[in-house]
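J.: Contents of work39.tsv (TSV, N, CA and C atoms):
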```
chain	number	residue	atom	x	y	z
A	27	PRO	N	21.98	20.31	-0.71
A	27	PRO	CA	21.50	19.31	0.24
A	27	PRO	C	22.59	18.98	1.26
A	28	ARG	N	22.21	18.82	2.48
A	28	ARG	CA	23.16	18.63	3.55
A	28	ARG	C	23.25	17.19	4.03
A	29	LEU	N	22.41	16.33	3.52
A	29	LEU	CA	22.50	14.92	3.84
A	29	LEU	C	21.77	14.13	2.77
A	30	ILE	N	21.97	12.85	2.79
A	30	ILE	CA	21.30	11.98	1.81
A	30	ILE	C	20.31	11.12	2.57
A	31	ASP	N	19.07	11.13	2.14
A	31	ASP	CA	18.04	10.29	2.71
A	31	ASP	C	17.39	9.55	1.55
A	32	TRP	N	17.58	8.25	1.51
A	32	TRP	CA	17.13	7.46	0.37
A	32	TRP	C	15.63	7.20	0.38
A	33	ARG	N	14.99	7.48	1.50
A	33	ARG	CA	13.59	7.09	1.65
A	33	ARG	C	12.65	8.12	1.04
A	34	VAL	N	11.56	7.64	0.48
A	34	VAL	CA	10.46	8.48	0.05
A	34	VAL	C	9.23	7.94	0.75
A	35	ARG	N	8.84	8.63	1.81
A	35	ARG	CA	7.69	8.18	2.60
A	35	ARG	C	6.40	8.64	1.94
A	36	GLN	N	5.36	7.86	2.11
A	36	GLN	CA	4.02	8.21	1.64
A	36	GLN	C	3.94	8.25	0.11
A	37	GLY	N	4.88	7.66	-0.58
A	37	GLY	CA	4.85	7.63	-2.03
A	37	GLY	C	5.41	8.90	-2.64
A	38	LEU	N	5.51	8.91	-3.94
A	38	LEU	CA	6.12	10.03	-4.65
A	38	LEU	C	5.32	11.31	-4.51
A	39	LEU	N	4.01	11.22	-4.30
A	39	LEU	CA	3.21	12.44	-4.15
A	39	LEU	C	3.64	13.25	-2.94
A	40	SER	N	4.25	12.59	-1.96
A	40	SER	CA	4.71	13.32	-0.77
A	40	SER	C	5.83	14.29	-1.10
A	41	THR	N	6.44	14.15	-2.26
A	41	THR	CA	7.53	15.06	-2.66
A	41	THR	C	7.02	16.17	-3.57
A	42	ALA	N	5.71	16.28	-3.73
A	42	ALA	CA	5.14	17.23	-4.69
A	42	ALA	C	5.55	18.67	-4.43
A	43	GLY	N	5.80	19.05	-3.20
A	43	GLY	CA	6.18	20.43	-2.91
A	43	GLY	C	7.65	20.72	-3.10
A	44	PHE	N	8.44	19.73	-3.47
A	44	PHE	CA	9.88	19.90	-3.60
A	44	PHE	C	10.29	19.95	-5.07
A	45	ARG	N	11.44	20.53	-5.31
A	45	ARG	CA	12.01	20.52	-6.66
A	45	ARG	C	12.45	19.10	-6.98
A	46	HIS	N	12.03	18.61	-8.11
A	46	HIS	CA	12.29	17.22	-8.48
A	46	HIS	C	12.97	17.20	-9.85
A	47	PHE	N	14.14	16.56	-9.91
A	47	PHE	CA	14.87	16.40	-11.16
A	47	PHE	C	14.85	14.93	-11.54
A	48	SER	N	14.44	14.65	-12.76
A	48	SER	CA	14.40	13.28	-13.23
A	48	SER	C	15.50	13.05	-14.26
A	49	TYR	N	16.37	12.12	-13.95
A	49	TYR	CA	17.48	11.78	-14.85
A	49	TYR	C	17.41	10.32	-15.28
A	50	HIS	N	16.23	9.75	-15.27
A	50	HIS	CA	16.09	8.35	-15.66
A	50	HIS	C	16.60	8.17	-17.09
A	51	ASP	N	17.61	7.32	-17.25
A	51	ASP	CA	18.24	7.04	-18.54
A	51	ASP	C	18.85	8.29	-19.19
A	52	ARG	N	19.30	9.24	-18.37
A	52	ARG	CA	19.92	10.46	-18.90
A	52	ARG	C	21.23	10.71	-18.15
A	53	ARG	N	22.14	9.76	-18.20
A	53	ARG	CA	23.39	9.82	-17.46
A	53	ARG	C	24.24	11.02	-17.84
A	54	ARG	N	24.38	11.30	-19.12
A	54	ARG	CA	25.23	12.42	-19.54
A	54	ARG	C	24.69	13.76	-19.03
A	55	GLN	N	23.37	13.91	-19.06
A	55	GLN	CA	22.78	15.15	-18.55
A	55	GLN	C	22.98	15.25	-17.04
A	56	PHE	N	22.83	14.14	-16.34
A	56	PHE	CA	23.05	14.11	-14.89
A	56	PHE	C	24.49	14.53	-14.57
A	57	GLU	N	25.42	13.94	-15.30
A	57	GLU	CA	26.84	14.28	-15.11
A	57	GLU	C	27.09	15.77	-15.34
A	58	ALA	N	26.50	16.30	-16.40
A	58	ALA	CA	26.68	17.72	-16.72
A	58	ALA	C	26.06	18.63	-15.66
A	59	ASP	N	24.98	18.18	-15.04
A	59	ASP	CA	24.26	19.00	-14.06
A	59	ASP	C	24.80	18.89	-12.64
A	60	LEU	N	25.74	17.99	-12.39
A	60	LEU	CA	26.22	17.80	-11.02
A	60	LEU	C	26.72	19.09	-10.35
A	61	PRO	N	27.48	19.95	-11.04
A	61	PRO	CA	27.89	21.19	-10.38
A	61	PRO	C	26.70	22.06	-9.95
A	62	ALA	N	25.68	22.15	-10.79
A	62	ALA	CA	24.49	22.94	-10.43
A	62	ALA	C	23.74	22.29	-9.27
A	63	LEU	N	23.64	20.97	-9.29
A	63	LEU	CA	22.97	20.27	-8.20
A	63	LEU	C	23.71	20.45	-6.88
A	64	ALA	N	25.04	20.51	-6.95
A	64	ALA	CA	25.84	20.71	-5.75
A	64	ALA	C	25.60	22.08	-5.13
A	65	GLU	N	25.22	23.05	-5.94
A	65	GLU	CA	24.96	24.41	-5.46
A	65	GLU	C	23.50	24.65	-5.11
A	66	TYR	N	22.68	23.64	-5.22
A	66	TYR	CA	21.25	23.77	-4.94
A	66	TYR	C	21.05	24.29	-3.52
A	67	SER	N	20.26	25.32	-3.37
A	67	SER	CA	20.18	26.02	-2.08
A	67	SER	C	19.10	25.50	-1.14
A	68	GLU	N	18.13	24.79	-1.63
A	68	GLU	CA	17.06	24.29	-0.76
A	68	GLU	C	17.55	23.14	0.11
A	69	ASN	N	16.82	22.86	1.17
A	69	ASN	CA	17.19	21.77	2.07
A	69	ASN	C	16.89	20.40	1.49
A	70	VAL	N	15.90	20.32	0.59
A	70	VAL	CA	15.50	19.03	0.03
A	70	VAL	C	15.54	19.11	-1.48
A	71	LEU	N	16.14	18.12	-2.07
A	71	LEU	CA	16.20	17.97	-3.51
A	71	LEU	C	15.86	16.52	-3.83
A	72	VAL	N	14.88	16.31	-4.67
A	72	VAL	CA	14.46	14.96	-5.03
A	72	VAL	C	15.03	14.63	-6.40
A	73	LEU	N	15.78	13.55	-6.47
A	73	LEU	CA	16.37	13.10	-7.73
A	73	LEU	C	15.82	11.72	-8.08
A	74	THR	N	15.48	11.55	-9.34
A	74	THR	CA	15.14	10.23	-9.86
A	74	THR	C	16.27	9.85	-10.80
A	75	VAL	N	17.02	8.81	-10.44
A	75	VAL	CA	18.16	8.37	-11.24
A	75	VAL	C	18.16	6.85	-11.32
A	76	ASN	N	18.83	6.34	-12.32
A	76	ASN	CA	19.07	4.91	-12.39
A	76	ASN	C	20.09	4.56	-11.32
A	77	TYR	N	19.99	3.38	-10.77
A	77	TYR	CA	20.88	3.03	-9.67
A	77	TYR	C	22.36	3.09	-10.06
A	78	ARG	N	22.68	2.86	-11.32
A	78	ARG	CA	24.08	2.89	-11.73
A	78	ARG	C	24.67	4.31	-11.66
A	79	MET	N	23.81	5.32	-11.52
A	79	MET	CA	24.29	6.70	-11.41
A	79	MET	C	24.63	7.09	-9.98
A	80	LEU	N	24.26	6.29	-9.01
A	80	LEU	CA	24.49	6.64	-7.61
A	80	LEU	C	25.97	6.85	-7.30
A	81	ARG	N	26.82	6.11	-7.97
A	81	ARG	CA	28.27	6.25	-7.73
A	81	ARG	C	28.73	7.68	-7.93
A	82	MET	N	28.13	8.38	-8.88
A	82	MET	CA	28.54	9.75	-9.18
A	82	MET	C	28.32	10.69	-7.99
A	83	LEU	N	27.32	10.41	-7.16
A	83	LEU	CA	27.07	11.26	-6.00
A	83	LEU	C	28.21	11.18	-5.00
A	84	PHE	N	28.93	10.06	-5.00
A	84	PHE	CA	30.07	9.91	-4.12
A	84	PHE	C	31.36	10.40	-4.77
A	85	GLU	N	31.49	10.16	-6.07
A	85	GLU	CA	32.78	10.30	-6.73
A	85	GLU	C	32.96	11.59	-7.51
A	86	ALA	N	31.91	12.36	-7.73
A	86	ALA	CA	32.06	13.61	-8.48
A	86	ALA	C	32.94	14.58	-7.70
A	87	PRO	N	33.95	15.16	-8.34
A	87	PRO	CA	34.83	16.10	-7.64
A	87	PRO	C	34.08	17.24	-6.94
A	88	VAL	N	32.95	17.67	-7.52
A	88	VAL	CA	32.20	18.79	-6.95
A	88	VAL	C	31.60	18.44	-5.58
A	89	PHE	N	31.44	17.16	-5.28
A	89	PHE	CA	30.86	16.74	-3.99
A	89	PHE	C	31.92	16.32	-2.97
A	90	ARG	N	33.17	16.27	-3.37
A	90	ARG	CA	34.22	15.71	-2.52
A	90	ARG	C	34.28	16.35	-1.13
A	91	ASP	N	34.33	17.68	-1.07
A	91	ASP	CA	34.44	18.37	0.22
A	91	ASP	C	33.19	18.16	1.08
A	92	THR	N	32.02	18.26	0.46
A	92	THR	CA	30.77	18.07	1.20
A	92	THR	C	30.66	16.66	1.73
A	93	ASN	N	31.00	15.68	0.90
A	93	ASN	CA	30.95	14.28	1.35
A	93	ASN	C	31.87	14.07	2.53
A	94	ALA	N	33.07	14.61	2.46
A	94	ALA	CA	34.03	14.46	3.56
A	94	ALA	C	33.48	15.12	4.83
A	95	ALA	N	32.88	16.31	4.70
A	95	ALA	CA	32.33	17.01	5.87
A	95	ALA	C	31.18	16.23	6.50
A	96	LEU	N	30.42	15.50	5.67
A	96	LEU	CA	29.31	14.70	6.18
A	96	LEU	C	29.75	13.32	6.66
A	97	GLY	N	31.03	13.02	6.48
A	97	GLY	CA	31.52	11.70	6.86
A	97	GLY	C	31.19	10.62	5.85
A	98	LEU	N	30.82	11.04	4.64
A	98	LEU	CA	30.54	10.08	3.58
A	98	LEU	C	31.83	9.76	2.84
A	99	PRO	N	31.91	8.59	2.24
A	99	PRO	CA	33.12	8.26	1.48
A	99	PRO	C	33.22	9.12	0.22
A	100	THR	N	34.44	9.31	-0.24
A	100	THR	CA	34.63	10.07	-1.48
A	100	THR	C	34.68	9.14	-2.69
A	101	HIS	N	34.59	7.87	-2.46
A	101	HIS	CA	34.41	6.88	-3.52
A	101	HIS	C	33.25	5.99	-3.10
A	102	ALA	N	32.42	5.64	-4.05
A	102	ALA	CA	31.27	4.81	-3.72
A	102	ALA	C	31.73	3.49	-3.14
A	103	PRO	N	31.11	3.05	-2.07
A	103	PRO	CA	31.44	1.73	-1.54
A	103	PRO	C	31.24	0.67	-2.62
A	104	ALA	N	31.98	-0.39	-2.53
A	104	ALA	CA	31.96	-1.42	-3.59
A	104	ALA	C	30.55	-1.92	-3.91
A	105	TYR	N	29.73	-2.09	-2.92
A	105	TYR	CA	28.39	-2.64	-3.14
A	105	TYR	C	27.34	-1.64	-2.67
A	106	VAL	N	27.49	-0.38	-3.07
A	106	VAL	CA	26.62	0.67	-2.56
A	106	VAL	C	25.15	0.40	-2.86
A	107	VAL	N	24.82	-0.06	-4.05
A	107	VAL	CA	23.43	-0.31	-4.39
A	107	VAL	C	22.86	-1.45	-3.53
A	108	ALA	N	23.63	-2.50	-3.36
A	108	ALA	CA	23.17	-3.61	-2.51
A	108	ALA	C	22.96	-3.13	-1.07
A	109	GLU	N	23.87	-2.29	-0.58
A	109	GLU	CA	23.75	-1.76	0.78
A	109	GLU	C	22.50	-0.90	0.92
A	110	VAL	N	22.24	-0.06	-0.08
A	110	VAL	CA	21.05	0.80	-0.05
A	110	VAL	C	19.80	-0.06	-0.07
A	111	PHE	N	19.76	-1.06	-0.93
A	111	PHE	CA	18.60	-1.93	-0.99
A	111	PHE	C	18.39	-2.66	0.34
A	112	ASP	N	19.47	-3.11	0.97
A	112	ASP	CA	19.33	-3.75	2.28
A	112	ASP	C	18.76	-2.80	3.31
A	113	LEU	N	19.14	-1.53	3.22
A	113	LEU	CA	18.65	-0.52	4.15
A	113	LEU	C	17.17	-0.21	3.91
A	114	LEU	N	16.79	-0.10	2.65
A	114	LEU	CA	15.43	0.32	2.32
A	114	LEU	C	14.39	-0.79	2.37
A	115	PHE	N	14.80	-1.97	2.00
A	115	PHE	CA	13.82	-3.03	1.84
A	115	PHE	C	14.15	-4.22	2.72
A	116	SER	N	13.16	-4.74	3.37
A	116	SER	CA	13.34	-5.97	4.12
A	116	SER	C	12.25	-6.94	3.66
A	117	PRO	N	12.55	-8.22	3.68
A	117	PRO	CA	11.57	-9.19	3.21
A	117	PRO	C	10.33	-9.22	4.10
A	118	SER	N	9.20	-9.46	3.47
A	118	SER	CA	7.96	-9.65	4.24
A	118	SER	C	8.12	-10.92	5.07
A	119	PRO	N	7.31	-11.10	6.11
A	119	PRO	CA	7.41	-12.33	6.90
A	119	PRO	C	7.26	-13.59	6.03
A	120	ALA	N	6.37	-13.55	5.04
A	120	ALA	CA	6.17	-14.73	4.18
A	120	ALA	C	7.42	-15.00	3.35
A	121	LEU	N	8.02	-13.96	2.77
A	121	LEU	CA	9.23	-14.15	1.98
A	121	LEU	C	10.40	-14.57	2.87
A	122	HIS	N	10.48	-13.98	4.05
A	122	HIS	CA	11.54	-14.35	4.99
A	122	HIS	C	11.45	-15.84	5.34
A	123	SER	N	10.24	-16.32	5.54
A	123	SER	CA	10.04	-17.74	5.82
A	123	SER	C	10.47	-18.61	4.65
A	124	GLU	N	10.12	-18.20	3.43
A	124	GLU	CA	10.53	-18.95	2.24
A	124	GLU	C	12.05	-18.96	2.09
A	125	MET	N	12.68	-17.82	2.35
A	125	MET	CA	14.14	-17.74	2.25
A	125	MET	C	14.80	-18.62	3.31
A	126	ALA	N	14.24	-18.65	4.50
A	126	ALA	CA	14.79	-19.51	5.56
A	126	ALA	C	14.67	-20.98	5.17
A	127	SER	N	13.55	-21.34	4.58
A	127	SER	CA	13.38	-22.73	4.12
A	127	SER	C	14.38	-23.08	3.02
A	128	LEU	N	14.59	-22.15	2.08
A	128	LEU	CA	15.55	-22.38	1.01
A	128	LEU	C	16.95	-22.53	1.57
A	129	ARG	N	17.33	-21.62	2.50
A	129	ARG	CA	18.66	-21.70	3.10
A	129	ARG	C	18.84	-23.03	3.84
A	130	ALA	N	17.81	-23.46	4.53
A	130	ALA	CA	17.89	-24.75	5.25
A	130	ALA	C	18.09	-25.89	4.26
A	131	SER	N	17.36	-25.84	3.13
A	131	SER	CA	17.49	-26.92	2.14
A	131	SER	C	18.88	-26.94	1.49
A	132	LEU	N	19.58	-25.80	1.55
A	132	LEU	CA	20.92	-25.69	0.99
A	132	LEU	C	22.01	-25.91	2.04
A	133	GLY	N	21.62	-26.30	3.23
A	133	GLY	CA	22.60	-26.58	4.28
A	133	GLY	C	23.04	-25.34	5.04
A	134	HIS	N	22.18	-24.31	5.10
A	134	HIS	CA	22.47	-23.07	5.84
A	134	HIS	C	23.79	-22.42	5.41
A	135	PRO	N	23.89	-22.02	4.13
A	135	PRO	CA	25.14	-21.37	3.69
A	135	PRO	C	25.38	-20.07	4.47
A	136	GLN	N	26.64	-19.74	4.67
A	136	GLN	CA	26.99	-18.50	5.36
A	136	GLN	C	26.65	-17.30	4.48
A	137	ASP	N	26.41	-16.16	5.12
A	137	ASP	CA	26.20	-14.94	4.35
A	137	ASP	C	27.40	-14.69	3.45
A	138	GLY	N	27.13	-14.24	2.24
A	138	GLY	CA	28.21	-13.98	1.30
A	138	GLY	C	28.66	-15.21	0.54
A	139	ARG	N	28.09	-16.34	0.86
A	139	ARG	CA	28.46	-17.59	0.17
A	139	ARG	C	27.26	-18.21	-0.54
A	140	PHE	N	26.36	-17.36	-0.93
A	140	PHE	CA	25.15	-17.82	-1.59
A	140	PHE	C	24.99	-17.00	-2.86
A	141	ILE	N	24.80	-17.65	-3.98
A	141	ILE	CA	24.67	-16.95	-5.25
A	141	ILE	C	23.24	-17.09	-5.75
A	142	ALA	N	22.67	-15.97	-6.11
A	142	ALA	CA	21.33	-15.95	-6.71
A	142	ALA	C	21.46	-15.31	-8.08
A	143	VAL	N	20.68	-15.77	-9.02
A	143	VAL	CA	20.72	-15.24	-10.38
A	143	VAL	C	19.33	-14.74	-10.73
A	144	HIS	N	19.28	-13.54	-11.27
A	144	HIS	CA	18.02	-12.93	-11.70
A	144	HIS	C	18.17	-12.60	-13.17
A	145	LEU	N	17.37	-13.23	-14.01
A	145	LEU	CA	17.42	-12.96	-15.45
A	145	LEU	C	16.28	-12.04	-15.83
A	146	ARG	N	16.60	-10.99	-16.56
A	146	ARG	CA	15.58	-10.08	-17.05
A	146	ARG	C	15.52	-10.22	-18.55
A	147	THR	N	14.38	-10.57	-19.06
A	147	THR	CA	14.26	-10.72	-20.50
A	147	THR	C	13.26	-9.75	-21.10
A	148	GLY	N	12.40	-9.17	-20.31
A	148	GLY	CA	11.34	-8.31	-20.83
A	148	GLY	C	11.81	-6.96	-21.33
A	149	ASP	N	12.92	-6.43	-20.81
A	149	ASP	CA	13.35	-5.09	-21.18
A	149	ASP	C	13.68	-4.96	-22.66
A	150	VAL	N	14.25	-6.00	-23.25
A	150	VAL	CA	14.64	-5.91	-24.65
A	150	VAL	C	13.40	-5.69	-25.51
A	151	ALA	N	12.35	-6.41	-25.22
A	151	ALA	CA	11.12	-6.25	-25.99
A	151	ALA	C	10.46	-4.91	-25.69
A	152	TRP	N	10.56	-4.44	-24.48
A	152	TRP	CA	9.92	-3.19	-24.07
A	152	TRP	C	10.68	-1.97	-24.55
A	153	ASP	N	12.01	-2.03	-24.54
A	153	ASP	CA	12.84	-0.87	-24.87
A	153	ASP	C	14.07	-1.32	-25.66
A	154	PRO	N	13.87	-1.76	-26.92
A	154	PRO	CA	14.99	-2.33	-27.68
A	154	PRO	C	16.13	-1.35	-27.96
A	155	ALA	N	15.84	-0.06	-28.15
A	155	ALA	CA	16.91	0.90	-28.46
A	155	ALA	C	17.89	1.02	-27.28
A	156	ARG	N	17.37	1.01	-26.08
A	156	ARG	CA	18.22	1.16	-24.90
A	156	ARG	C	19.12	-0.05	-24.71
A	157	HIS	N	18.68	-1.20	-25.17
A	157	HIS	CA	19.44	-2.43	-24.93
A	157	HIS	C	20.15	-2.93	-26.18
A	158	GLY	N	20.33	-2.06	-27.16
A	158	GLY	CA	21.12	-2.40	-28.33
A	158	GLY	C	20.50	-3.42	-29.25
A	159	LYS	N	19.20	-3.53	-29.22
A	159	LYS	CA	18.50	-4.47	-30.11
A	159	LYS	C	17.58	-3.67	-31.01
A	160	SER	N	17.35	-4.19	-32.19
A	160	SER	CA	16.42	-3.48	-33.09
A	160	SER	C	15.23	-4.37	-33.40
```
Give the structure from this file in structure tokens form.
T.:
Amino acid sequence: PRLIDWRVRQGLLSTAGFRHFSYHDRRRQFEADLPALAEYSENVLVLTVNYRMLRMLFEAPVFRDTNAALGLPTHAPAYVVAEVFDLLFSPSPALHSEMASLRASLGHPQDGRFIAVHLRTGDVAWDPARHGKS
């Protein structure tokens, strides 16, 4: 692959004609396959990975030269997942309005000075082995 495009337009079915590798919850296999993925000859390669694996696309030695040639960093930016999410997703007008109201009620905090907490409790019940619970 000669560039990274995070978008999947028209849903996942739009990628049906492309080679698709799924590494969801398979970090060790993804790590082991990075050299083969780096040699992939087609123009498009679709990967399904957990977001915590994205760092490897920047930091794996096998990608270092290609990343440099593309002007990409050789180490994942500190907040790469947050940056990608900002690029891919924008709030709907209704959510944007709610966020503006919340910010106003908090005295219009500056960007980077606002803390939000998201608690996930359902995963343990859904997938206890993955989360160290029995």
J.: Which residues are near range 94-107 of chain A? Cut-off 9 Å, only C-alpha atoms, ignore same chain within fewer than 3 positions. Put them as a PyMOL selection string.
T.: chain A and resi 28-29+77-78+80-87+89-91+110-112
J.: Work out how far apart atom N of His144 in chain A and CA of Ala130 in chain A are and give it in Å to one decimal.
T.: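 Interatomic distance here is 20.0 Å.
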J.: Rounded to one decimal, what separation in Å do you get between CA of Ala142 in chain A and CA of Asn76 in chain A?
T.: 21.7 Å
J.: Between A:His50, A:Leu128, A:Met79, A:Val88, which is the closest to Glu65 in chain A once you count all atoms listed in the file?
T.: A:Val88
J.: Suppose you want the space between CA of Pro61 in chain A and atom N of Arg45 in chain A; what is it in Å?
T.: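 Between CA of Pro61 in chain A and atom N of Arg45 in chain A the gap is 17.2 Å.
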